[in-house]
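S.K.: TSV, C-alpha atoms and all ligand atoms, file entry_30.tsv:
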```tsv
chain	number	residue	atom	x	y	z
L	1	MET	CA	87.09	153.39	83.86
L	2	LEU	CA	90.44	154.47	85.23
L	3	ILE	CA	91.49	157.80	86.71
L	4	ASN	CA	95.11	159.02	86.84
L	5	LEU	CA	95.71	158.74	83.11
L	6	TRP	CA	95.94	161.31	80.34
L	7	TYR	CA	93.02	161.25	77.91
L	8	VAL	CA	92.36	163.22	74.74
L	9	ALA	CA	89.44	165.59	75.30
L	10	GLU	CA	89.15	167.29	71.91
L	11	TRP	CA	90.99	168.38	68.79
L	12	SER	CA	92.93	171.62	69.40
L	13	LYS	CA	91.32	173.27	66.40
L	14	THR	CA	87.82	172.75	67.84
L	15	LEU	CA	88.52	174.86	70.93
L	16	LYS	CA	88.35	178.52	69.95
L	17	ASP	CA	87.06	181.43	72.04
L	18	GLU	CA	83.90	179.74	73.35
L	19	PRO	CA	83.78	177.05	76.04
L	20	VAL	CA	83.36	173.48	74.78
L	21	LYS	CA	81.62	170.69	76.68
L	22	VAL	CA	83.21	167.26	76.73
L	23	LYS	CA	82.33	164.08	78.58
L	24	MET	CA	85.08	161.80	79.81
L	25	LEU	CA	84.93	158.96	82.35
L	26	GLY	CA	81.20	159.67	82.63
L	27	GLN	CA	81.83	163.22	83.87
L	28	ASN	CA	80.83	166.49	82.25
L	29	LEU	CA	83.83	168.76	81.79
L	30	VAL	CA	84.37	172.14	80.19
L	31	LEU	CA	87.31	173.20	78.05
L	32	PHE	CA	88.12	176.85	77.48
L	33	ARG	CA	91.04	179.08	76.51
L	34	ASP	CA	92.31	181.89	78.71
L	35	ASP	CA	93.42	185.28	77.35
L	36	ALA	CA	96.85	183.84	76.49
L	37	GLY	CA	95.20	181.05	74.48
L	38	LYS	CA	96.12	178.33	76.98
L	39	ALA	CA	93.56	175.52	77.15
L	40	HIS	CA	92.04	174.61	80.52
L	41	CYS	CA	89.74	171.82	81.65
L	42	LEU	CA	87.38	172.15	84.63
L	43	SER	CA	84.46	170.24	86.03
L	44	ASP	CA	81.46	171.50	84.06
L	45	VAL	CA	79.24	171.68	87.14
L	46	CYS	CA	78.90	175.09	88.76
L	47	ILE	CA	79.10	174.80	92.54
L	48	HIS	CA	76.47	177.52	92.99
L	49	ARG	CA	73.30	175.92	91.60
L	50	GLY	CA	74.62	173.32	89.21
L	51	GLY	CA	74.75	175.41	86.05
L	52	SER	CA	76.67	173.91	83.13
L	53	LEU	CA	79.71	176.16	82.69
L	54	SER	CA	80.13	175.09	79.07
L	55	GLY	CA	76.86	176.86	78.26
L	56	GLY	CA	78.44	180.14	79.33
L	57	ARG	CA	81.04	182.47	77.85
L	58	CYS	CA	84.71	183.28	78.17
L	59	ILE	CA	85.19	186.64	79.90
L	60	ASP	CA	88.54	188.15	80.95
L	61	GLY	CA	90.30	184.79	80.65
L	62	ASN	CA	87.69	183.09	82.86
L	63	VAL	CA	84.69	180.94	82.04
L	64	ALA	CA	81.42	182.51	83.20
L	65	CYS	CA	78.49	180.35	84.27
L	66	PRO	CA	75.38	181.05	82.16
L	67	TYR	CA	73.07	180.93	85.22
L	68	HIS	CA	74.24	183.75	87.54
L	69	GLY	CA	77.50	184.72	85.88
L	70	TRP	CA	80.02	183.43	88.44
L	71	GLN	CA	83.44	183.45	86.81
L	72	PHE	CA	85.99	180.63	87.20
L	73	ASN	CA	89.64	180.91	86.20
L	74	GLY	CA	91.78	178.16	84.65
L	75	GLU	CA	92.66	176.81	88.11
L	76	GLY	CA	88.96	176.37	88.88
L	77	GLN	CA	88.87	179.28	91.38
L	78	VAL	CA	85.85	181.55	91.46
L	79	LYS	CA	87.19	185.04	90.72
L	80	TYR	CA	83.98	187.05	90.52
L	81	ILE	CA	80.40	186.70	91.79
L	82	PRO	CA	78.45	189.47	90.01
L	83	SER	CA	75.51	189.55	92.48
L	84	GLU	CA	77.89	190.35	95.35
L	85	GLY	CA	79.94	193.07	93.66
L	86	ARG	CA	83.65	193.52	93.09
L	87	ASP	CA	84.60	194.01	96.78
L	88	PHE	CA	83.04	190.78	97.95
L	89	LYS	CA	85.40	188.30	99.61
L	90	ILE	CA	85.08	185.07	97.63
L	91	PRO	CA	84.29	182.12	99.99
L	92	ASP	CA	87.08	179.57	100.55
L	93	ARG	CA	85.20	176.66	99.01
L	94	ALA	CA	84.37	178.56	95.82
L	95	ARG	CA	86.23	176.40	93.36
L	96	VAL	CA	85.74	173.42	91.06
L	97	ASP	CA	88.31	170.77	90.12
L	98	ALA	CA	90.76	171.81	87.40
L	99	TYR	CA	92.77	169.21	85.51
L	100	PRO	CA	96.26	169.48	84.00
L	101	THR	CA	95.89	170.17	80.29
L	102	GLU	CA	98.45	169.95	77.45
L	103	GLU	CA	98.17	170.38	73.72
L	104	ARG	CA	100.10	167.84	71.73
L	105	TYR	CA	99.80	166.40	68.20
L	106	GLY	CA	96.84	168.68	67.39
L	107	MET	CA	94.86	167.38	70.37
L	108	ILE	CA	94.00	168.57	73.88
L	109	TRP	CA	95.19	166.08	76.49
L	110	VAL	CA	93.73	166.21	80.01
L	111	PHE	CA	95.10	164.39	83.05
L	112	LEU	CA	92.05	163.11	84.91
L	113	GLY	CA	93.34	162.39	88.37
L	114	ASP	CA	95.15	163.74	91.39
L	115	LEU	CA	98.74	162.52	90.93
L	116	PRO	CA	101.35	165.23	91.39
L	117	GLU	CA	103.27	166.14	88.23
L	118	GLU	CA	106.31	163.96	88.95
L	119	GLU	CA	104.16	160.83	89.31
L	120	ARG	CA	102.07	161.29	86.17
L	121	PRO	CA	102.74	159.05	83.19
L	122	GLU	CA	104.05	160.65	80.01
L	123	ILE	CA	101.82	161.57	77.12
L	124	PRO	CA	102.82	158.84	74.62
L	125	PRO	CA	105.48	159.76	72.05
L	126	PHE	CA	104.35	160.37	68.47
L	127	PRO	CA	107.44	161.58	66.57
L	128	GLU	CA	105.92	160.80	63.15
L	129	TYR	CA	103.34	163.56	63.68
L	130	THR	CA	105.85	166.28	62.79
L	131	ASP	CA	108.04	164.15	60.49
L	132	PRO	CA	107.71	165.37	56.87
L	133	ASN	CA	108.16	161.80	55.59
L	134	TRP	CA	104.66	161.08	56.82
L	135	LYS	CA	101.38	162.51	55.53
L	136	ALA	CA	98.55	162.60	58.08
L	137	ILE	CA	94.78	162.55	57.97
L	138	THR	CA	92.59	162.77	61.05
L	139	ASP	CA	89.17	161.36	61.78
L	140	GLU	CA	87.03	160.41	64.74
L	141	TRP	CA	84.74	157.54	65.58
L	142	ILE	CA	82.24	156.89	68.36
L	143	TRP	CA	81.84	153.32	69.55
L	144	LYS	CA	78.95	152.02	71.61
L	145	ALA	CA	81.49	149.92	73.44
L	146	GLU	CA	83.78	150.10	76.43
L	147	ALA	CA	87.21	151.62	75.77
L	148	ALA	CA	89.07	148.52	76.97
L	149	ARG	CA	87.16	146.40	74.43
L	150	VAL	CA	88.05	148.94	71.73
L	151	ILE	CA	91.74	148.80	72.64
L	152	GLU	CA	91.82	145.03	72.71
L	153	ASN	CA	90.27	144.95	69.27
L	154	GLY	CA	92.87	147.43	68.02
L	155	ILE	CA	95.86	145.37	69.12
L	156	ASP	CA	94.35	141.98	68.26
L	157	LEU	CA	95.76	140.81	64.95
L	158	ALA	CA	94.02	137.43	64.90
L	159	HIS	CA	90.65	139.05	64.16
L	160	ALA	CA	91.98	140.87	61.10
L	161	SER	CA	91.76	137.79	58.86
L	162	PHE	CA	88.07	137.42	59.70
L	163	VAL	CA	86.74	140.93	60.21
L	164	HIS	CA	88.76	142.93	57.68
L	165	PRO	CA	89.00	141.50	54.16
L	166	VAL	CA	91.77	143.99	53.39
L	167	PHE	CA	94.06	142.50	56.05
L	168	GLY	CA	93.86	138.79	55.47
L	169	TYR	CA	92.14	135.56	54.49
L	170	PRO	CA	90.46	133.30	57.04
L	171	ASP	CA	92.18	130.27	55.49
L	172	THR	CA	95.66	131.71	56.16
L	173	ALA	CA	94.91	132.85	59.73
L	174	GLY	CA	97.17	130.09	61.02
L	175	ASP	CA	100.15	131.43	59.04
L	176	ASN	CA	100.12	134.79	60.80
L	177	GLU	CA	102.76	134.87	63.46
L	178	ILE	CA	103.70	136.92	66.51
L	179	LEU	CA	107.46	137.35	66.24
L	180	LYS	CA	108.10	139.33	69.39
L	181	VAL	CA	106.34	141.09	72.27
L	182	GLU	CA	107.91	143.86	74.34
L	183	LYS	CA	106.20	145.44	77.29
L	184	ASP	CA	106.61	147.40	80.47
L	185	ASP	CA	104.11	148.51	83.11
L	186	MET	CA	102.31	151.03	80.92
L	187	ASN	CA	103.15	150.18	77.29
L	188	GLY	CA	103.37	147.20	74.97
L	189	MET	CA	104.45	146.52	71.42
L	190	SER	CA	104.36	143.41	69.29
L	191	TRP	CA	105.95	142.45	65.95
L	192	ASN	CA	103.95	140.24	63.62
L	193	VAL	CA	103.92	138.89	60.10
L	194	GLN	CA	100.68	138.60	58.13
L	195	TYR	CA	99.77	137.54	54.57
L	196	PRO	CA	97.09	139.97	53.36
L	197	PRO	CA	95.53	140.17	49.90
L	198	GLN	CA	96.63	142.46	47.13
L	199	LEU	CA	95.71	146.12	47.68
L	200	LYS	CA	93.03	147.61	45.47
L	201	GLY	CA	91.86	151.08	44.48
L	202	GLU	CA	93.33	154.45	43.46
L	203	LEU	CA	93.46	154.05	39.67
L	204	GLY	CA	95.00	150.63	40.08
L	205	LEU	CA	98.16	152.12	41.63
L	206	ARG	CA	97.82	150.44	44.97
L	207	ARG	CA	97.92	146.93	43.58
L	208	PHE	CA	101.60	147.48	42.72
L	209	ILE	CA	102.40	148.15	46.38
L	210	ARG	CA	101.43	144.80	47.73
L	211	LYS	CA	101.09	141.55	45.90
L	212	ASP	CA	98.68	138.88	47.01
L	213	ARG	CA	99.76	137.23	50.28
L	214	GLN	CA	102.97	139.21	50.39
L	215	PRO	CA	104.44	138.88	53.91
L	216	THR	CA	103.64	142.14	55.69
L	217	GLU	CA	105.06	143.36	58.96
L	218	THR	CA	102.43	144.66	61.37
L	219	ILE	CA	103.44	146.27	64.65
L	220	PRO	CA	100.57	146.98	67.05
L	221	GLY	CA	101.20	148.73	70.33
L	222	TYR	CA	99.33	150.27	73.23
L	223	HIS	CA	100.00	152.99	75.76
L	224	MET	CA	97.85	153.01	78.89
L	225	SER	CA	98.41	156.75	78.97
L	226	GLY	CA	95.79	158.20	76.63
L	227	TYR	CA	94.46	154.68	75.99
L	228	VAL	CA	96.39	154.90	72.75
L	229	VAL	CA	96.52	152.17	70.14
L	230	ARG	CA	99.33	152.51	67.65
L	231	ILE	CA	99.57	150.22	64.64
L	232	GLN	CA	102.33	150.40	62.09
L	233	ILE	CA	102.00	148.39	58.89
L	234	ASN	CA	105.15	148.11	56.78
L	235	LEU	CA	103.95	147.21	53.29
L	236	ASN	CA	107.54	147.19	52.09
L	237	GLU	CA	110.78	148.99	52.99
L	238	LYS	CA	109.60	152.39	51.83
L	239	MET	CA	105.85	152.22	52.20
L	240	ASN	CA	104.42	152.41	55.66
L	241	LEU	CA	101.10	153.11	57.29
L	242	LEU	CA	100.67	154.22	60.88
L	243	MET	CA	97.55	154.57	63.01
L	244	PHE	CA	97.67	156.59	66.22
L	245	ASP	CA	94.26	156.23	67.91
L	246	CYS	CA	93.47	157.89	71.22
L	247	ASN	CA	90.49	156.04	72.71
L	248	THR	CA	88.77	158.25	75.24
L	249	PRO	CA	86.18	156.63	77.54
L	250	VAL	CA	83.19	158.97	77.26
L	251	ASP	CA	81.31	156.80	79.72
L	252	GLU	CA	81.31	153.11	80.55
L	253	HIS	CA	79.81	152.01	77.26
L	254	THR	CA	80.83	154.81	74.90
L	255	THR	CA	84.28	155.46	73.50
L	256	LYS	CA	85.43	158.30	71.28
L	257	THR	CA	88.45	157.61	69.11
L	258	PHE	CA	90.57	160.52	67.95
L	259	ALA	CA	92.35	158.92	65.01
L	260	THR	CA	95.41	160.10	63.14
L	261	GLN	CA	96.47	157.96	60.20
L	262	LEU	CA	99.78	158.57	58.46
L	263	ARG	CA	101.38	157.20	55.33
L	264	THR	CA	104.79	157.50	53.69
L	265	PHE	CA	103.47	157.15	50.13
L	266	PHE	CA	100.87	158.85	47.91
L	267	LYS	CA	101.38	161.95	50.02
L	268	GLN	CA	99.37	164.29	47.81
L	269	ASP	CA	96.09	165.60	49.25
L	270	MET	CA	94.12	163.91	46.47
L	271	PHE	CA	94.72	160.54	48.16
L	272	ASP	CA	93.32	161.67	51.54
L	273	LYS	CA	89.73	160.96	50.61
L	274	GLY	CA	90.47	157.32	49.77
L	275	SER	CA	92.50	156.92	52.99
L	276	ARG	CA	89.64	158.22	55.08
L	277	LYS	CA	87.15	156.00	53.32
L	278	ARG	CA	89.25	152.91	54.00
L	279	LEU	CA	89.80	153.94	57.62
L	280	ARG	CA	86.06	154.29	58.19
L	281	LYS	CA	85.40	150.94	56.57
L	282	VAL	CA	87.77	149.31	59.07
L	283	PHE	CA	86.10	151.11	61.99
L	284	ARG	CA	82.69	150.02	60.74
L	285	GLU	CA	83.79	146.40	60.44
L	286	ASP	CA	85.19	146.48	63.99
L	287	ALA	CA	82.09	148.20	65.40
L	288	GLU	CA	79.87	145.42	64.01
L	289	ILE	CA	81.79	142.97	66.18
L	290	ILE	CA	82.67	144.76	69.38
L	291	GLU	CA	79.37	146.59	69.84
L	292	ARG	CA	77.76	143.16	69.99
L	293	ALA	CA	80.33	141.47	72.22
L	294	SER	CA	79.21	140.23	75.63
L	295	PRO	CA	79.73	141.23	78.30
L	296	ASN	CA	79.92	144.87	77.21
L	297	TYR	CA	82.77	145.33	79.64
L	298	LEU	CA	86.02	143.43	79.79
L	299	PRO	CA	85.50	140.78	82.46
L	300	GLU	CA	87.46	141.69	85.58
L	301	ASN	CA	87.83	138.04	86.29
L	302	LEU	CA	89.98	137.00	83.35
L	303	ALA	CA	89.10	133.34	83.88
L	304	ASN	CA	85.68	134.19	82.45
L	305	GLU	CA	87.13	134.31	78.95
L	306	LEU	CA	89.40	131.69	77.43
L	307	SER	CA	92.68	132.98	76.01
L	308	VAL	CA	95.04	131.09	73.72
L	309	GLN	CA	98.70	131.53	72.81
L	310	ASP	CA	97.88	133.97	70.00
L	311	ASP	CA	96.14	136.28	72.52
L	312	ARG	CA	99.27	136.84	74.57
L	313	PHE	CA	99.80	140.43	73.42
L	314	MET	CA	96.20	141.33	74.30
L	315	SER	CA	96.69	139.62	77.63
L	316	SER	CA	99.61	141.94	78.37
L	317	PHE	CA	97.20	144.86	77.97
L	318	ARG	CA	94.76	143.14	80.33
L	319	SER	CA	97.52	142.74	82.90
L	320	ALA	CA	98.61	146.38	82.58
L	321	ARG	CA	95.02	147.48	83.10
L	322	ARG	CA	94.65	145.12	86.03
L	323	ARG	CA	97.70	146.66	87.72
L	324	LEU	CA	96.10	150.11	87.52
L	325	ILE	CA	92.86	148.72	88.97
L	326	GLU	CA	94.90	147.24	91.82
L	327	LYS	CA	96.24	150.73	92.56
L	328	GLY	CA	92.65	151.71	93.35
L	329	TRP	CA	92.19	153.90	90.26
L	330	GLN	CA	88.99	152.36	88.93
L	331	ILE	CA	85.79	154.38	89.25
L	332	ASP	CA	83.14	152.55	91.26
L	333	SER	CA	80.45	152.77	88.60
L	334	TYR	CA	77.95	150.78	90.64
L	335	THR	CA	77.90	153.40	93.39
L	336	VAL	CA	77.98	156.32	90.95
L	337	LYS	CA	74.99	154.86	89.16
L	338	GLN	CA	72.98	154.63	92.37
L	339	TYR	CA	73.20	158.41	92.67
L	340	GLU	CA	72.48	159.15	89.02
L	341	GLY	CA	70.58	162.43	88.69
L	342	ARG	CA	70.78	163.04	92.43
L	343	LYS	CA	74.42	163.71	93.14
L	344	VAL	CA	77.39	164.83	91.09
L	345	PHE	CA	80.87	163.62	91.92
L	346	ALA	CA	84.20	165.09	90.94
L	347	ILE	CA	87.23	163.21	89.70
L	348	PRO	CA	89.86	164.37	92.22
L	349	SER	CA	92.26	166.95	90.78
L	350	PRO	CA	95.91	167.38	91.87
L	351	LEU	CA	95.06	170.34	94.13
L	352	ARG	CA	93.05	168.03	96.40
L	353	ARG	CA	96.20	166.02	97.01
L	354	THR	CA	98.76	168.85	97.25
L	355	HIS	CA	96.49	170.91	99.56
L	356	PRO	CA	94.60	168.38	101.69
L	357	ASP	CA	93.43	171.15	104.03
L	358	LEU	CA	91.26	172.77	101.33
L	359	LYS	CA	87.49	172.30	101.54
L	360	TRP	CA	85.48	171.40	98.45
L	361	VAL	CA	81.81	171.68	97.59
L	362	MET	CA	81.73	168.55	95.47
L	363	GLU	CA	82.52	165.07	96.80
L	364	GLU	CA	85.20	162.92	95.21
L	365	ILE	CA	84.05	160.17	92.93
L	366	PRO	CA	84.00	156.74	94.65
L	367	LEU	CA	86.78	154.38	93.57
L	368	VAL	CA	86.88	150.59	93.75
L	369	GLN	CA	89.00	149.48	96.66
L	370	PRO	CA	91.64	147.08	95.29
L	371	ALA	CA	90.55	144.14	97.43
L	372	ALA	CA	86.95	144.59	96.29
L	373	SER	CA	87.74	144.78	92.60
L	374	LEU	CA	87.64	141.06	91.97
L	375	ALA	CA	84.31	140.72	93.73
L	376	ILE	CA	82.95	143.47	91.51
L	377	GLY	CA	84.36	141.72	88.49
L	378	GLU	CA	82.46	138.63	89.47
L	379	ARG	CA	79.30	140.66	89.90
L	380	GLU	CA	79.87	142.10	86.43
L	381	ALA	CA	80.40	138.69	84.96
L	382	LEU	CA	77.13	137.50	86.45
L	383	SER	CA	75.02	140.53	85.51
J	1	LIG	S1	74.62	178.15	88.95
J	1	LIG	FE1	76.43	178.95	88.20
J	1	LIG	S2	76.41	180.96	88.82
J	1	LIG	FE2	74.64	180.17	89.71
J	2	FE	FE	89.89	145.57	63.62
```
Starting from the file, lay out its structure as structure tokens.
Ligand code: FES
Ligand SMILES: [Fe+2]
M.R.:
Amino acid sequence: MLINLWYVAEWSKTLKDEPVKVKMLGQNLVLFRDDAGKAHCLSDVCIHRGGSLSGGRCIDGNVACPYHGWQFNGEGQVKYIPSEGRDFKIPDRARVDAYPTEERYGMIWVFLGDLPEEERPEIPPFPEYTDPNWKAITDEWIWKAEAARVIENGIDLAHASFVHPVFGYPDTAGDNEILKVEKDDMNGMSWNVQYPPQLKGELGLRRFIRKDRQPTETIPGYHMSGYVVRIQINLNEKMNLLMFDCNTPVDEHTTKTFATQLRTFFKQDMFDKGSRKRLRKVFREDAEIIERASPNYLPENLANELSVQDDRFMSSFRSARRRLIEKGWQIDSYTVKQYEGRKVFAIPSPLRRTHPDLKWVMEEIPLVQPAASLAIGEREALS
């Protein structure tokens, strides 16, 4: 799991006037809104006696711990300790980590890391979200699988002919073609042609959209920021489908996908139910495969899986991920696990970096040193 990326924590509409608990990168976090309605994200662990802040309440724009009522503001500072009275000088170390939080596309995005603002990657663009030509539905899905495996599955077109009957026939798998791949350090996109079967359903209307084995343009992409998979399917010039899936690592072997699916046709609400049903069928078909894949985690040593020419787009994602691991941004899950139940770590927040003189109650989460990452990968491959 990688720090220093944006991840989607929750749908905006879910966060109202009570704190909400979320788990990301194996850490418990609390979301809450201040008096102005701005969303904040803090470590969920109270530095007093370990209370879970998300079990508390929002008071005066702060979140109050349910145990002894200490109140934390959106920057993670303790503002009030009820047992000590209003005149009490709050101790210097009385704060928890607070993470940059933005609301975009109906979702709450949290930057889990300590990079200063100018060094943070962008939240991925999603212009179709507000474009009236597109009609959106949203859904979510929880995978018992590592996020990197989920992303690879999302951008892998070769599996579609085998796993998803709606996308192709096994006997024409060899006809599918990658036309082009474009990538930079943090993003990739690929243009492909596939020959899927005729569409079915919706009073027989859909079968007029796509004939059997009609060449169909499919454009998968990924953004490391938000662990987003974006797939556009152009059924014809006017009829397009788009998936925008934010794949949040809940912990090492659990991933929560915040999915938005858009279409440029059948835009009436009455077609939403069918869209959601088809979306869930695809998720279910994928889950059957990736929840059983071994190892559970993407091998760090890429030589431990054999890639072919048709995997080159997926390999570009592997390389992008590898580069972030080499920056030392991977959580050392082996060490964290050793302390399970005995010690809580904090993902470092930007304040730790901008104010190195500050003292903190909670220790920073251990990260894999770049030189050690391959050795760990080998350990993973052997375990
Ligand atoms: S544990 Fe949170 S106030 Fe005591
Ligand atoms: Fe799939």
S.K.: Write out as a list of chain:residue names each polymer residue whose atoms come within 6 Å of segment 34-40 of chain L, counting all atoms listed in the file; drop sequence neighbours fewer than 5 positions from it.
M.R.: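 My list of contacting residues is L:Gly61, L:Gly74, L:Thr101.
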S.K.: With 5 Å added on each side, what axis-aligned box encloses every listed atom of ligand LIG 1 (chain J)? Give the centre and edge lengths in Å to one decimal, as lines of an AutoDock Vina configuration file.
M.R.:
```
center_x = 75.5
center_y = 179.6
center_z = 89.0
size_x = 11.8
size_y = 12.8
size_z = 11.5
```
S.K.: Hey, which of L:Ser54, L:Gln338, L:Gln232, L:Asn296 ends up closest to Lys144 of chain L? Count only C-alpha atoms.
M.R.: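 Distance minimum relative to Lys144 of chain L lands on L:Asn296.
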S.K.: Give me, please, the distance in Å between atom CA of Glu364 of chain L and atom CA of Ile347 of chain L, quoted to one decimal.
M.R.: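 So the answer is 5.9 Å.
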S.K.: Which is closest to Thr264 of chain L among L:Asp139, L:Glu128, L:Glu340, L:Glu217, if we use all atoms listed in the file?
M.R.: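 Of L:Asp139, L:Glu128, L:Glu340, L:Glu217, the one nearest Thr264 of chain L, counting all atoms listed in the file, is L:Glu128.
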S.K.: Select, from L:Thr138, L:Ser161, L:Thr130, L:Gln214, the residue with the minimum atom-to-atom distance to ligand FE 2 (chain J), counting all atoms listed in the file.
M.R.: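 Ranking L:Thr138, L:Ser161, L:Thr130, L:Gln214 by distance to ligand FE 2 (chain J), first place goes to L:Ser161.
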S.K.: Using all atoms listed in the file, which residues sit within 12 Å of Ala293 of chain L once same-chain residues fewer than 5 positions away are excluded, as a list in words?
M.R.: Lys144, Ala145, Glu146, Arg149, Val150, Asn153, His253, Asp286, Ala287, Glu288, Leu298, Pro299 and Glu305 of chain L
